[in-house]
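Participant: What follows is the file start-v6.cif, containing mmCIF, C-alpha atoms:
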data_coords
loop_
_atom_site.label_atom_id
_atom_site.label_comp_id
_atom_site.auth_asym_id
_atom_site.auth_seq_id
_atom_site.Cartn_x
_atom_site.Cartn_y
_atom_site.Cartn_z
CA MET A 1 -4.69 -40.42 -9.98
CA THR A 2 -8.43 -40.05 -9.40
CA GLU A 3 -8.06 -40.85 -5.70
CA TYR A 4 -5.18 -38.38 -5.43
CA ALA A 5 -7.25 -35.65 -7.12
CA VAL A 6 -10.22 -36.25 -4.80
CA ARG A 7 -7.98 -36.11 -1.73
CA ARG A 8 -6.39 -32.87 -2.90
CA ILE A 9 -9.78 -31.31 -3.63
CA LEU A 10 -11.04 -32.27 -0.17
CA LEU A 11 -7.97 -30.62 1.35
CA VAL A 12 -9.12 -27.36 -0.22
CA ILE A 13 -11.93 -27.14 2.37
CA PRO A 14 -9.80 -26.94 5.57
CA THR A 15 -7.31 -24.74 3.72
CA LEU A 16 -10.06 -22.28 2.84
CA ILE A 17 -11.36 -22.31 6.41
CA GLY A 18 -7.89 -21.40 7.63
CA VAL A 19 -7.69 -18.66 5.00
CA THR A 20 -11.04 -17.20 6.08
CA ILE A 21 -9.83 -16.97 9.68
CA VAL A 22 -6.55 -15.30 8.71
CA VAL A 23 -8.25 -12.86 6.33
CA PHE A 24 -10.99 -11.98 8.79
CA MET A 25 -8.58 -11.31 11.65
CA ALA A 26 -6.02 -9.47 9.50
CA VAL A 27 -8.64 -7.01 8.27
CA ARG A 28 -9.70 -6.29 11.86
CA PHE A 29 -6.13 -5.37 12.75
CA LEU A 30 -5.93 -2.66 10.09
CA PRO A 31 -5.40 0.77 11.67
CA GLY A 32 -8.35 3.14 11.66
CA ASP A 33 -12.07 2.78 12.27
CA VAL A 34 -14.53 2.07 9.48
CA VAL A 35 -17.27 3.84 11.43
CA ASP A 36 -15.22 7.03 11.20
CA GLN A 37 -14.97 6.53 7.43
CA ILE A 38 -18.76 6.25 7.05
CA ALA A 39 -19.55 8.95 9.60
CA GLY A 40 -17.16 11.27 7.78
CA ASP A 41 -19.60 11.41 4.87
CA TYR A 42 -22.11 13.06 7.17
CA GLY A 43 -19.74 15.57 8.69
CA ALA A 44 -19.53 15.56 12.47
CA ALA A 45 -21.67 12.51 13.19
CA SER A 46 -23.53 12.38 16.48
CA PRO A 47 -23.02 9.48 18.91
CA GLU A 48 -26.51 8.25 17.99
CA MET A 49 -25.62 8.09 14.30
CA ARG A 50 -22.42 6.23 15.11
CA ARG A 51 -24.42 3.67 17.10
CA GLN A 52 -26.82 3.23 14.17
CA ILE A 53 -23.96 2.66 11.74
CA THR A 54 -22.32 0.18 14.09
CA LYS A 55 -25.54 -1.79 14.52
CA GLN A 56 -26.44 -1.69 10.81
CA TYR A 57 -23.20 -3.44 9.83
CA SER A 58 -23.08 -5.75 12.90
CA LEU A 59 -19.91 -4.06 14.09
CA ASP A 60 -21.30 -4.13 17.63
CA ALA A 61 -21.14 -7.94 17.70
CA SER A 62 -18.16 -9.82 19.07
CA ILE A 63 -15.36 -10.91 16.73
CA PRO A 64 -16.45 -14.60 16.73
CA GLN A 65 -20.05 -13.58 15.99
CA GLN A 66 -18.96 -11.32 13.14
CA TYR A 67 -16.85 -14.17 11.73
CA LEU A 68 -19.73 -16.67 11.87
CA LEU A 69 -22.11 -14.18 10.25
CA TRP A 70 -19.63 -13.59 7.42
CA VAL A 71 -18.85 -17.29 6.86
CA GLY A 72 -22.57 -18.06 6.84
CA LYS A 73 -23.10 -15.52 4.06
CA ILE A 74 -20.10 -16.84 2.11
CA ALA A 75 -21.51 -20.38 2.29
CA ARG A 76 -24.71 -19.06 0.66
CA GLY A 77 -22.73 -17.26 -2.07
CA ASP A 78 -23.29 -13.86 -0.48
CA MET A 79 -20.10 -11.82 -0.02
CA GLY A 80 -21.97 -9.07 1.75
CA THR A 81 -22.46 -5.41 0.98
CA SER A 82 -19.80 -2.76 0.73
CA ILE A 83 -19.81 -0.55 3.81
CA ILE A 84 -18.68 2.48 1.83
CA SER A 85 -20.70 2.22 -1.42
CA ALA A 86 -23.59 0.03 -0.15
CA ARG A 87 -23.24 -2.12 -3.30
CA SER A 88 -23.11 -5.89 -3.49
CA VAL A 89 -19.52 -7.12 -3.18
CA ARG A 90 -20.32 -10.12 -5.36
CA GLY A 91 -21.77 -7.92 -8.10
CA GLU A 92 -18.75 -5.60 -8.03
CA ILE A 93 -16.34 -8.53 -8.23
CA LEU A 94 -18.20 -10.14 -11.13
CA GLN A 95 -18.09 -6.81 -12.96
CA ARG A 96 -14.35 -6.30 -12.40
CA LEU A 97 -13.13 -9.90 -12.58
CA PRO A 98 -13.00 -10.16 -16.42
CA THR A 99 -10.65 -7.16 -16.63
CA THR A 100 -8.27 -8.61 -14.03
CA PHE A 101 -8.50 -12.06 -15.63
CA GLN A 102 -7.57 -10.59 -19.01
CA LEU A 103 -4.63 -8.69 -17.52
CA GLY A 104 -3.40 -11.83 -15.72
CA LEU A 105 -3.78 -14.00 -18.83
CA MET A 106 -1.87 -11.48 -20.94
CA ALA A 107 0.87 -11.27 -18.29
CA ILE A 108 1.23 -15.09 -18.20
CA THR A 109 1.42 -15.12 -22.01
CA VAL A 110 4.16 -12.49 -21.94
CA GLN A 111 5.93 -14.47 -19.22
CA LEU A 112 6.01 -17.66 -21.29
CA LEU A 113 6.97 -15.85 -24.51
CA ILE A 114 9.96 -14.29 -22.74
CA ALA A 115 11.05 -17.01 -20.32
CA ILE A 116 10.91 -20.14 -22.50
CA PRO A 117 12.94 -18.93 -25.52
CA ALA A 118 15.38 -16.95 -23.37
CA GLY A 119 15.94 -19.73 -20.84
CA MET A 120 16.43 -22.44 -23.46
CA THR A 121 18.71 -20.26 -25.58
CA ALA A 122 20.87 -19.41 -22.56
CA ALA A 123 21.19 -23.12 -21.72
CA LEU A 124 22.09 -24.12 -25.27
CA LYS A 125 24.70 -21.35 -25.49
CA GLN A 126 26.15 -21.67 -22.01
CA ASP A 127 28.84 -19.13 -21.09
CA SER A 128 28.43 -17.32 -24.40
CA GLY A 129 27.61 -13.66 -24.86
CA THR A 130 23.94 -14.57 -25.30
CA ASP A 131 23.97 -16.47 -22.02
CA TYR A 132 25.43 -13.53 -20.13
CA ILE A 133 22.90 -11.15 -21.68
CA VAL A 134 19.97 -13.38 -20.69
CA ARG A 135 21.25 -13.84 -17.14
CA SER A 136 21.87 -10.10 -16.72
CA PHE A 137 18.44 -9.35 -18.13
CA SER A 138 16.75 -11.71 -15.66
CA ILE A 139 18.65 -10.18 -12.73
CA ALA A 140 17.62 -6.70 -13.88
CA LEU A 141 13.96 -7.76 -14.03
CA LEU A 142 14.20 -9.10 -10.48
CA ALA A 143 15.96 -6.00 -9.19
CA VAL A 144 13.77 -3.30 -10.74
CA PRO A 145 10.39 -2.84 -9.00
CA GLY A 146 7.36 -3.25 -11.24
CA PHE A 147 5.65 -0.12 -9.92
CA TRP A 148 8.75 1.93 -10.86
CA LEU A 149 8.65 0.60 -14.42
CA GLY A 150 4.95 1.47 -14.58
CA LEU A 151 5.57 5.05 -13.49
CA ILE A 152 8.50 5.37 -15.92
CA ALA A 153 6.33 4.04 -18.77
CA ILE A 154 3.62 6.61 -18.04
CA THR A 155 6.02 9.53 -17.52
CA TYR A 156 8.31 8.99 -20.49
CA GLY A 157 5.46 7.69 -22.63
CA TYR A 158 3.80 11.07 -22.27
CA ILE A 159 7.02 13.09 -22.65
CA PHE A 160 8.34 11.36 -25.77
CA PHE A 161 5.23 9.90 -27.41
CA GLY A 162 2.32 11.87 -25.96
CA TRP A 163 0.86 8.60 -24.67
CA THR A 164 -1.28 8.28 -21.56
CA PRO A 165 -3.20 5.24 -20.28
CA PRO A 166 -6.74 4.97 -21.67
CA LEU A 167 -9.33 6.16 -19.19
CA ARG A 168 -12.05 3.82 -20.46
CA TYR A 169 -11.77 0.06 -20.77
CA HIS A 170 -13.88 -2.14 -22.98
CA PRO A 171 -14.54 -5.83 -22.34
CA PHE A 172 -12.63 -8.14 -24.67
CA TRP A 173 -15.81 -9.59 -26.18
CA GLU A 174 -17.07 -6.10 -27.08
CA ASP A 175 -13.90 -4.62 -28.57
CA PRO A 176 -10.88 -6.97 -28.56
CA ILE A 177 -8.53 -4.43 -30.15
CA GLU A 178 -9.35 -1.70 -27.65
CA ALA A 179 -9.08 -4.18 -24.77
CA LEU A 180 -5.61 -5.28 -25.86
CA ARG A 181 -4.52 -1.70 -26.46
CA SER A 182 -5.60 -0.74 -22.95
CA LEU A 183 -3.74 -3.50 -21.15
CA TRP A 184 -0.65 -4.33 -23.19
CA VAL A 185 1.72 -2.02 -21.30
CA PRO A 186 0.85 -3.21 -17.75
CA ALA A 187 0.74 -6.81 -19.02
CA LEU A 188 4.21 -6.42 -20.55
CA ILE A 189 5.64 -4.98 -17.31
CA LEU A 190 3.97 -7.56 -15.09
CA GLY A 191 4.76 -10.49 -17.39
CA GLY A 192 8.38 -9.40 -17.72
CA TYR A 193 8.78 -9.20 -13.96
CA ILE A 194 7.39 -12.66 -13.22
CA SER A 195 9.32 -14.20 -16.15
CA ALA A 196 12.71 -13.62 -14.50
CA VAL A 197 12.50 -16.53 -12.04
CA VAL A 198 11.15 -18.93 -14.68
CA MET A 199 13.88 -17.86 -17.09
CA ARG A 200 16.69 -18.62 -14.66
CA LEU A 201 15.14 -21.88 -13.47
CA LEU A 202 14.58 -23.13 -17.03
CA ARG A 203 18.20 -22.40 -17.90
CA SER A 204 19.42 -24.38 -14.86
CA THR A 205 17.15 -27.37 -15.42
CA MET A 206 17.93 -27.50 -19.14
CA LEU A 207 21.66 -27.53 -18.42
CA GLU A 208 21.16 -30.41 -15.99
CA VAL A 209 18.98 -32.39 -18.39
CA LEU A 210 21.31 -31.86 -21.37
CA ARG A 211 24.10 -33.56 -19.41
CA GLN A 212 22.09 -36.76 -18.84
CA ASP A 213 23.03 -40.04 -20.48
CA TYR A 214 19.78 -40.46 -22.37
CA ILE A 215 20.35 -37.13 -24.14
CA ARG A 216 23.79 -38.27 -25.29
CA THR A 217 22.26 -41.58 -26.38
CA ALA A 218 19.54 -39.83 -28.38
CA ARG A 219 22.13 -37.72 -30.15
CA ALA A 220 24.35 -40.75 -30.78
CA LYS A 221 21.43 -42.53 -32.45
CA GLY A 222 21.24 -39.71 -34.96
CA LEU A 223 18.06 -37.97 -33.83
CA ALA A 224 17.64 -34.45 -35.12
CA GLU A 225 18.63 -31.81 -32.58
CA ARG A 226 15.11 -30.33 -32.47
CA HIS A 227 13.67 -33.74 -31.57
CA VAL A 228 16.27 -34.19 -28.85
CA LEU A 229 15.47 -30.79 -27.39
CA TRP A 230 11.66 -30.84 -27.54
CA ARG A 231 10.82 -34.53 -27.13
CA HIS A 232 13.41 -35.41 -24.49
CA ALA A 233 15.09 -32.41 -22.87
CA ALA A 234 12.24 -29.89 -22.75
CA ARG A 235 9.64 -32.27 -21.29
CA ASN A 236 11.96 -33.39 -18.50
CA ALA A 237 12.98 -29.82 -17.73
CA ALA A 238 9.36 -28.68 -17.63
CA ILE A 239 8.45 -30.22 -14.24
CA PRO A 240 10.25 -27.70 -11.99
CA VAL A 241 9.31 -24.88 -14.36
CA VAL A 242 5.60 -25.72 -14.13
CA THR A 243 5.96 -25.85 -10.35
CA ILE A 244 7.51 -22.40 -10.16
CA ILE A 245 4.85 -20.99 -12.50
CA GLY A 246 2.21 -22.20 -10.03
CA LEU A 247 4.12 -20.58 -7.17
CA GLU A 248 4.29 -17.32 -9.13
CA ILE A 249 0.48 -16.98 -9.12
CA PRO A 250 0.48 -15.03 -5.80
CA ASN A 251 3.08 -12.64 -7.26
CA LEU A 252 0.85 -12.26 -10.30
CA ILE A 253 -2.15 -11.40 -8.14
CA GLY A 254 -0.10 -8.93 -6.12
CA GLY A 255 1.23 -7.43 -9.33
CA THR A 256 -2.26 -6.84 -10.69
CA VAL A 257 -3.07 -4.79 -7.58
CA ILE A 258 -0.09 -2.52 -8.28
CA MET A 259 -0.53 -2.29 -12.06
CA GLU A 260 -4.27 -1.63 -11.87
CA SER A 261 -3.69 1.11 -9.31
CA ILE A 262 -0.94 2.78 -11.38
CA PHE A 263 -2.74 2.55 -14.73
CA SER A 264 -6.23 3.25 -13.30
CA ILE A 265 -7.57 -0.10 -14.50
CA PRO A 266 -11.04 -0.87 -13.10
CA GLY A 267 -10.25 -4.41 -11.98
CA MET A 268 -10.19 -6.36 -8.75
CA GLY A 269 -6.72 -5.13 -7.84
CA SER A 270 -7.61 -1.46 -7.77
CA TYR A 271 -10.90 -2.35 -6.07
CA LEU A 272 -8.98 -4.11 -3.29
CA PHE A 273 -6.46 -1.28 -2.97
CA ASN A 274 -9.17 1.37 -2.58
CA SER A 275 -11.11 -0.80 -0.14
CA ILE A 276 -8.07 -1.25 2.09
CA GLN A 277 -7.65 2.52 2.23
CA THR A 278 -11.28 3.01 3.30
CA ARG A 279 -11.33 0.00 5.69
CA ASP A 280 -14.18 -1.57 3.72
CA TYR A 281 -14.13 -4.94 5.51
CA PRO A 282 -16.58 -6.94 3.34
CA VAL A 283 -14.81 -5.96 0.11
CA VAL A 284 -11.31 -6.73 1.40
CA GLN A 285 -12.46 -10.07 2.81
CA GLY A 286 -14.29 -11.05 -0.38
CA VAL A 287 -11.50 -10.13 -2.80
CA VAL A 288 -8.72 -11.70 -0.70
CA LEU A 289 -10.74 -14.88 -0.18
CA LEU A 290 -11.34 -15.18 -3.93
CA SER A 291 -7.63 -14.58 -4.59
CA ALA A 292 -6.71 -17.30 -2.09
CA LEU A 293 -9.09 -19.71 -3.83
CA VAL A 294 -7.44 -18.94 -7.18
CA VAL A 295 -3.99 -19.66 -5.69
CA ILE A 296 -5.15 -22.94 -4.13
CA LEU A 297 -6.83 -24.18 -7.31
CA SER A 298 -3.94 -23.11 -9.54
CA ASN A 299 -1.51 -25.13 -7.42
CA LEU A 300 -3.89 -28.10 -7.59
CA VAL A 301 -3.93 -27.85 -11.40
CA VAL A 302 -0.12 -27.65 -11.43
CA ASP A 303 0.17 -30.82 -9.32
CA LEU A 304 -2.27 -32.74 -11.52
CA SER A 305 -0.52 -31.60 -14.71
CA TYR A 306 2.70 -33.45 -13.82
CA SER A 307 1.47 -36.80 -15.12
CA PHE A 308 0.51 -35.24 -18.45
CA ILE A 309 3.92 -33.65 -18.87
CA ASP A 310 5.81 -36.77 -17.84
CA PRO A 311 3.84 -40.06 -18.15
CA ARG A 312 6.33 -41.74 -15.81
CA ILE A 313 4.81 -39.82 -12.89
CA ARG A 314 1.95 -41.66 -11.20
CA PHE A 315 -0.11 -40.72 -8.16
CA ASN A 316 -1.07 -43.42 -5.68
CA GLY A 317 -3.39 -41.31 -3.51
CA ARG A 318 -1.02 -41.13 -0.51
#
Please rewrite the model in this file as structure tokens.
Facilitator:
Amino acid sequence: MTEYAVRRILLVIPTLIGVTIVVFMAVRFLPGDVVDQIAGDYGAASPEMRRQITKQYSLDASIPQQYLLWVGKIARGDMGTSIISARSVRGEILQRLPTTFQLGLMAITVQLLIAIPAGMTAALKQDSGTDYIVRSFSIALLAVPGFWLGLIAITYGYIFFGWTPPLRYHPFWEDPIEALRSLWVPALILGGYISAVVMRLLRSTMLEVLRQDYIRTARAKGLAERHVLWRHAARNAAIPVVTIIGLEIPNLIGGTVIMESIFSIPGMGSYLFNSIQTRDYPVVQGVVLLSALVVILSNLVVDLSYSFIDPRIRFNGR
């Protein structure tokens, strides 16, 4: 397993290089001109001022030169400086990252609290009223856009309960209660949305596992039903579920962008959204690159977790 882990970690390097190229080029293809965005702060900028802005941010260099300059800074831990605010991108990300991390962790918690009980209950009560309710609920979660639920929560929350999203957010280590109160609604919406796929997959895998011979043998030997379910069925059904949870990480990251924008949460998602609107290249590149790294590492953790879930799985390094 150690050799397999080392090989997978080494594969992160070329994957990240490919991601940097895609991110760098995709940002350059965004419509609009960042020089116009900066020059707009000074009114009708003169051609001389436009040339100064272009030179200051190395926008006069060729695309390959700009890419090499950016990658060189990234290798030194420098994500550059925001073109719009002139602040360090790394400093802004470190300031906003804990809020986004908390929102994502709460959403994953909600996902597991909804998907695991609902999926297992639907499998154990196949074709019953409960099963149909769970399946309909999961389809509804997949069909209803998360941003629409967010807008509905804000609109009807204010109409019926006089509730509006808090305008100030406190770090969890400063005020845990206030932090949870600020993020529970977007976390519930986001976690509910990403739980739908896991819910349906867990139901399917549990039904398949419960039909296996070793489950019938365990029951015939007189094992308690809870031991049959948790020690035998659940662990074998967990492999595809863990896989799909890892694949849902990109949806989680995309969901944080939407939820933070709707609920005015000062996290990385809203930071990225605003930077895309203003064509702030260094910010977009830095946030997307960090998000890609999170996705790559999360899938690596998922792969390595298989042997802990099912000891029969072994990695030979190939």
Participant: Go through the shown structure with the PyMOL selection byres ((chain A and resi 235-247) around 6) and write out the matching residues as an MDAnalysis selection string.
Facilitator: chainID A and resid 205:206 232:234 248:249 299
Participant: Might you spell out which residues the PyMOL selection byres ((chain A and resi 25) around 12) would select in the displayed file, as a count of residues only?
Facilitator: 19
Participant: Quick one: residues within 7 Å of range 190-196 of chain A, only C-alpha atoms, excluding same-chain residues fewer than 4 positions away - as a PyMOL selection string?
Facilitator: chain A and resi 107-108+110-111+114-115+138+141-142+146+186+200+248+255
Participant: List, as a PDB file with C-alpha atoms, in the coordinates of the input, every residue that the PyMOL selection byres ((chain A and resi 80-89) around 9) selects in the file provided.
Facilitator:
ATOM      1  CA  VAL A  34     -14.530   2.070   9.480  1.00  0.00           C
ATOM      2  CA  GLN A  37     -14.970   6.530   7.430  1.00  0.00           C
ATOM      3  CA  ILE A  38     -18.760   6.250   7.050  1.00  0.00           C
ATOM      4  CA  TYR A  57     -23.200  -3.440   9.830  1.00  0.00           C
ATOM      5  CA  TRP A  70     -19.630 -13.590   7.420  1.00  0.00           C
ATOM      6  CA  LYS A  73     -23.100 -15.520   4.060  1.00  0.00           C
ATOM      7  CA  ILE A  74     -20.100 -16.840   2.110  1.00  0.00           C
ATOM      8  CA  ASP A  78     -23.290 -13.860  -0.480  1.00  0.00           C
ATOM      9  CA  MET A  79     -20.100 -11.820  -0.020  1.00  0.00           C
ATOM     10  CA  ARG A  90     -20.320 -10.120  -5.360  1.00  0.00           C
ATOM     11  CA  GLY A  91     -21.770  -7.920  -8.100  1.00  0.00           C
ATOM     12  CA  GLU A  92     -18.750  -5.600  -8.030  1.00  0.00           C
ATOM     13  CA  ILE A  93     -16.340  -8.530  -8.230  1.00  0.00           C
ATOM     14  CA  LEU A  94     -18.200 -10.140 -11.130  1.00  0.00           C
ATOM     15  CA  SER A 275     -11.110  -0.800  -0.140  1.00  0.00           C
ATOM     16  CA  THR A 278     -11.280   3.010   3.300  1.00  0.00           C
ATOM     17  CA  ARG A 279     -11.330   0.000   5.690  1.00  0.00           C
ATOM     18  CA  ASP A 280     -14.180  -1.570   3.720  1.00  0.00           C
ATOM     19  CA  TYR A 281     -14.130  -4.940   5.510  1.00  0.00           C
ATOM     20  CA  PRO A 282     -16.580  -6.940   3.340  1.00  0.00           C
ATOM     21  CA  VAL A 283     -14.810  -5.960   0.110  1.00  0.00           C
ATOM     22  CA  GLY A 286     -14.290 -11.050  -0.380  1.00  0.00           C
ATOM     23  CA  VAL A 287     -11.500 -10.130  -2.800  1.00  0.00           C
TER      24      VAL A 287
END
Participant: Could you tell me how far CA of Ala123 in chain A sits from CA of Glu208 in chain A, in Å to one decimal place?
Facilitator: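 CA of Ala123 in chain A lies at a distance of 9.3 Å from CA of Glu208 in chain A.
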Participant: Quote the spacing between CA of Leu16 in chain A and CA of Leu103 in chain A in Å to one decimal place.
Facilitator: 25.1 Å
Participant: What is the distance, in Å and to one decimal place, between CA of Val301 in chain A and CA of Arg8 in chain A?
Facilitator: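 So the two atoms, CA of Val301 in chain A and CA of Arg8 in chain A, lie 10.2 Å apart.
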Participant: Nearest to Val288 in chain A among A:Gly269, A:Trp184, A:Asn274, A:His170, with distances taken over only C-alpha atoms: which residue is it?
Facilitator: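 Using only C-alpha atoms, Val288 in chain A sits closest to A:Gly269.
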Participant: For a quick check of understanding, using only C-alpha atoms, which of A:Tyr214, A:Phe161, A:Tyr169, A:Phe308 has the smallest distance to Gly267 in chain A?
Facilitator: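 Between A:Tyr214, A:Phe161, A:Tyr169, A:Phe308, the residue approaching Gly267 in chain A most closely is A:Tyr169.
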Participant: Kindly indicate which residue among A:Arg7, A:Val12, A:Glu225, A:Ala118 lies nearest to Val198 in chain A, using all atoms listed in the file for the distances.
Facilitator: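 Nearest candidate to Val198 in chain A out of A:Arg7, A:Val12, A:Glu225, A:Ala118: A:Ala118.
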Participant: Which is closest to Ile133 in chain A among A:Thr121, A:Val228, A:Leu105, A:Glu48, if we use only C-alpha atoms?
Facilitator: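 Checking each candidate against Ile133 in chain A, we get A:Thr121 as the closest.
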Participant: Write out as a PyMOL selection string each polymer residue whose atoms come within 10 Å of Leu183 in chain A, counting only C-alpha atoms; drop sequence neighbours fewer than 4 positions from it.
Facilitator: chain A and resi 99-100+102-104+106-107+165-166+169+178-179+187-188+259-260+263+265
Participant: Filtering to C-alpha atoms, could you give me those residues as a tab-separated table (two decimals), in the coordinates of the input?
Facilitator:
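Resulting contents of out-v1.tsv:
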chain	number	residue	atom	x	y	z
A	99	THR	CA	-10.65	-7.16	-16.63
A	100	THR	CA	-8.27	-8.61	-14.03
A	102	GLN	CA	-7.57	-10.59	-19.01
A	103	LEU	CA	-4.63	-8.69	-17.52
A	104	GLY	CA	-3.40	-11.83	-15.72
A	106	MET	CA	-1.87	-11.48	-20.94
A	107	ALA	CA	0.87	-11.27	-18.29
A	165	PRO	CA	-3.20	5.24	-20.28
A	166	PRO	CA	-6.74	4.97	-21.67
A	169	TYR	CA	-11.77	0.06	-20.77
A	178	GLU	CA	-9.35	-1.70	-27.65
A	179	ALA	CA	-9.08	-4.18	-24.77
A	187	ALA	CA	0.74	-6.81	-19.02
A	188	LEU	CA	4.21	-6.42	-20.55
A	259	MET	CA	-0.53	-2.29	-12.06
A	260	GLU	CA	-4.27	-1.63	-11.87
A	263	PHE	CA	-2.74	2.55	-14.73
A	265	ILE	CA	-7.57	-0.10	-14.50
Participant: Considering all atoms listed in the file, can you say which of A:Leu297, A:Val209, A:Ala218, A:Leu97 comes closest to Pro250 in chain A?
Facilitator: A:Leu297
Participant: Counting only C-alpha atoms, find residues at most 12 Å from (22.9, -14.0, -21.9) (file frame) and give them as a ChimeraX atom specification.
Facilitator: /A:117-139,199-200,203
